[in-house]
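A quick write-up on the structure given underneath.
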Amino acid sequence: TRCQVNTTGLWVVTESCTLEGIAIAPASVLVEEDVTLTIASNGFLNIDFANHELKIRRRGQIYMHEGGRIQ
């Protein structure tokens, strides 16, 4: 399943999905329990870490293919 990224506010990942292409997080990103956010080899998640954060709840995870990025 492809990820649907919010264009405003907190992005809560509630089901496992794959991020392909470029996604600019408008605020913080939260990966819920038992959910996997996969970053494809062409995936790029841009988060403004000076003002927002990436949170991963217990048993949640991020899997990044070679070439995928979070910045």
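Naming works like this for the structure tokens: A, B, ... for the chains as they're shown, residue 1 at the start of each chain, ligands 1 onward in shown order.
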What's around Asn42 (chain A) at 6 Å? Count only C-alpha atoms, leave out sequence neighbours fewer than 5 positions away in its own chain, and write the answer as a ChimeraX atom specification. /A:20-21,68
Taking C-alpha atoms for each residue, export the selection above as an mmCIF file, in the first residue's frame.
data_model
loop_
_atom_site.group_PDB
_atom_site.id
_atom_site.type_symbol
_atom_site.label_atom_id
_atom_site.label_comp_id
_atom_site.auth_asym_id
_atom_site.auth_seq_id
_atom_site.Cartn_x
_atom_site.Cartn_y
_atom_site.Cartn_z
ATOM 1 C CA GLU A 20 7.675 6.388 -2.816
ATOM 2 C CA GLY A 21 8.913 9.671 -4.237
ATOM 3 C CA GLY A 68 15.731 5.806 0.621
#
Fewer than 2 positions away in the same chain doesn't count, so skip those; otherwise give me all residues within 10 Å of Asn6 (chain A), counting only C-alpha atoms, as JSON, numbers by chain. {"A": [3, 4, 8, 9, 10, 11, 12, 13, 23, 24, 25, 26, 27, 29]}
Okay, now the selection with N, CA and C atoms, as a PDB file, in the first residue's frame?
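So the final result, stored in selection32.pdb, reads:
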ATOM      1  N   CYS A   3       1.754   5.068   0.870  1.00  0.00           N
ATOM      2  CA  CYS A   3       1.418   5.983   1.957  1.00  0.00           C
ATOM      3  C   CYS A   3       0.677   7.204   1.421  1.00  0.00           C
ATOM      4  N   GLN A   4      -0.302   7.633   2.180  1.00  0.00           N
ATOM      5  CA  GLN A   4      -0.999   8.887   1.910  1.00  0.00           C
ATOM      6  C   GLN A   4      -0.510   9.898   2.933  1.00  0.00           C
ATOM      7  N   THR A   8      -1.290  18.952   5.596  1.00  0.00           N
ATOM      8  CA  THR A   8      -1.278  19.883   6.728  1.00  0.00           C
ATOM      9  C   THR A   8      -1.327  19.082   8.022  1.00  0.00           C
ATOM     10  N   GLY A   9      -0.761  19.646   9.072  1.00  0.00           N
ATOM     11  CA  GLY A   9      -0.850  19.047  10.399  1.00  0.00           C
ATOM     12  C   GLY A   9      -0.041  17.775  10.575  1.00  0.00           C
ATOM     13  N   LEU A  10      -0.215  17.174  11.740  1.00  0.00           N
ATOM     14  CA  LEU A  10       0.479  15.942  12.120  1.00  0.00           C
ATOM     15  C   LEU A  10       0.126  14.811  11.163  1.00  0.00           C
ATOM     16  N   TRP A  11       1.137  14.093  10.719  1.00  0.00           N
ATOM     17  CA  TRP A  11       0.914  12.916   9.876  1.00  0.00           C
ATOM     18  C   TRP A  11       1.009  11.692  10.774  1.00  0.00           C
ATOM     19  N   VAL A  12      -0.105  10.992  10.980  1.00  0.00           N
ATOM     20  CA  VAL A  12      -0.141   9.786  11.793  1.00  0.00           C
ATOM     21  C   VAL A  12      -0.251   8.599  10.846  1.00  0.00           C
ATOM     22  N   VAL A  13       0.754   7.720  10.877  1.00  0.00           N
ATOM     23  CA  VAL A  13       0.771   6.530  10.025  1.00  0.00           C
ATOM     24  C   VAL A  13       0.066   5.429  10.813  1.00  0.00           C
ATOM     25  N   ALA A  23       8.203  13.237  -0.112  1.00  0.00           N
ATOM     26  CA  ALA A  23       7.113  13.665   0.766  1.00  0.00           C
ATOM     27  C   ALA A  23       7.677  14.674   1.752  1.00  0.00           C
ATOM     28  N   ILE A  24       7.044  15.831   1.819  1.00  0.00           N
ATOM     29  CA  ILE A  24       7.445  16.861   2.780  1.00  0.00           C
ATOM     30  C   ILE A  24       6.417  16.839   3.900  1.00  0.00           C
ATOM     31  N   ALA A  25       6.871  16.477   5.099  1.00  0.00           N
ATOM     32  CA  ALA A  25       5.973  16.399   6.250  1.00  0.00           C
ATOM     33  C   ALA A  25       5.630  17.824   6.695  1.00  0.00           C
ATOM     34  N   PRO A  26       4.339  18.165   6.774  1.00  0.00           N
ATOM     35  CA  PRO A  26       3.956  19.513   7.170  1.00  0.00           C
ATOM     36  C   PRO A  26       4.144  19.776   8.666  1.00  0.00           C
ATOM     37  N   ALA A  27       4.295  18.722   9.437  1.00  0.00           N
ATOM     38  CA  ALA A  27       4.484  18.816  10.891  1.00  0.00           C
ATOM     39  C   ALA A  27       5.189  17.537  11.335  1.00  0.00           C
ATOM     40  N   VAL A  29       5.727  13.572  12.493  1.00  0.00           N
ATOM     41  CA  VAL A  29       5.260  12.305  11.941  1.00  0.00           C
ATOM     42  C   VAL A  29       5.215  11.297  13.082  1.00  0.00           C
TER      43      VAL A  29
END
Which residue of A:Glu32, A:Lys55, A:Leu45, A:Thr1 approaches Thr18 (chain A) most closely, using only C-alpha atoms: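 Answer, going by the shortest atom-to-atom distance: A:Thr1.
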Excluding Gly67 (chain A) and residues on its chain fewer than 4 positions from it, collect all residues at most 8 Å away from it, counting only C-alpha atoms, and give them as a count of residues only. 4
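Taking only C-alpha atoms into account, Ala50 (chain A) lies nearest to A:Gln71 out of the set A:Gln71, A:Leu37, A:Thr7, A:Leu30.
Nearest to Met64 (chain A) of all the residues A:Ile47, A:Leu19, A:Val5, A:Val31 is A:Leu19, based on only C-alpha atoms.
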Given only C-alpha atoms as the counted atoms, nearest of A:Asn51, A:Ser28, A:Gln61, A:Asn46 to Ser16 (chain A): A:Gln61
Using only C-alpha atoms, which of the listed residues (A:Thr36, A:Cys17, A:Ile22, A:Phe49) sits closest to Ile62 (chain A)?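 Closest residue, counting only C-alpha atoms: A:Thr36.
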Mind the document's chain letters and residue numbers, and return as a VMD selection string the residues of chain A that DSSP labels strand (DSSP E). chain A and resid 11 to 13 17 to 19 22 to 24 29 to 31 36 to 39 44 to 46 54 to 56 61 to 64 69 to 70
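Remark: for Thr38 (chain A), the closest of the candidate residues A:Ile70, A:Thr14, A:Arg2, A:Tyr63 is A:Tyr63 (distances computed over only C-alpha atoms).
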